[in-house]
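Novice: Once you've had a glance at the structure underneath, I'll fire off some questions.
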Amino acid sequence: MPPHRILPPEADRMYMKVDPADADTLVVSWHKDVLEALVASPYEAAVLLWLALQEAEVLQPGGPKMNNFGLALILMPLDFLTVGEVHEAVERLTARGFLERAGQDSVYIDPVAIRVIDRRELPAQFRMDWNAAKASAPNPGPPPEAAAETSTG
């Protein structure tokens, strides 16, 4: 089992919008040490993210729409895991200190490790910088010459 990690609460975080097209979307807030620790453990990363999204009711019918390729990529290993492998990943995450047992069939997610927050909970300066970076990013659509060819078609 990996060693139990104590995460410094004031460390850098990585933010991933649940639905990048929605201005009022929820945001997955990862502790950067957790991401570094789980980069070699995609099953554990998938289970931790899945638990956080389940807790925030993102994956429930009628819940917020998830439309983020990065999050979907992290969740992809879940399609290949058995129930036993998911339980094993939960045990490993508990041993690392990212989860705590809250009963026989439930766990408590360390909010320092990962949490799903409302976008408005982010610092105002960070949101301004994030919006400015998004506005200055190149459009991921087709190249201009391809768009011109289809319009004259």
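Residues are named by chain letter and number: chains run A, B, ... in the order of the structure tokens, numbers start at 1 in each chain, and ligands are numbered from 1 in the order shown.
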Please report as CSV every residue of range 32-54 of chain A lying within 10 Å of range 69-72 of chain A, along with the nearest atom pair and their distance in Å (one decimal), using only C-alpha atoms.

Specialist:
```
residue,atom,partner,partner_atom,distance
A:Ala46,CA,A:Leu71,CA,8.9
A:Leu49,CA,A:Leu71,CA,8.1
A:Trp50,CA,A:Leu71,CA,9.6
```

Novice: Using only C-alpha atoms, which protein or nucleic acid residues come within 12 Å of Asp110 in chain A? Drop anything in the same chain fewer than 3 positions from it, and give the result as a PyMOL selection string.

Specialist: chain A and resi 5-9+29-31+34+48-49+51-52+55+93-94+96-102+107+113-116

Novice: Range 4-143 of chain A: which residues are alpha helix (DSSP H) by DSSP, as a PyMOL selection string?

Specialist: chain A and resi 32-38+42-55+69-75+83-96+124-136

Novice: Can you work out which one of A:Asp118, A:Gly62, A:Thr82, A:Phe126 has the shortest atom-to-atom distance to Thr25 in chain A, counting only C-alpha atoms?

Specialist: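 Looking at the shortest contact to Thr25 in chain A, the residue is A:Asp118.
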
Novice: What separation in Å, quoted to one decimal, exists between CA of Lys65 in chain A and CA of Ser136 in chain A?

Specialist: 25.2 Å

Novice: Pick out each residue of chain A that DSSP on the backbone tags as strand (DSSP E or B); I need them as JSON, numbers by chain.

Specialist: {"A": [13, 14, 15, 16, 17, 26, 27, 28, 29, 30, 31, 99, 100, 101, 107, 108, 109, 114, 115, 116, 117, 118]}

Novice: To one decimal in Å, tell me the separation between CA of Lys134 in chain A and CA of Ala21 in chain A.

Specialist: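 Atom-to-atom, CA of Lys134 in chain A and CA of Ala21 in chain A are spaced 11.1 Å apart.
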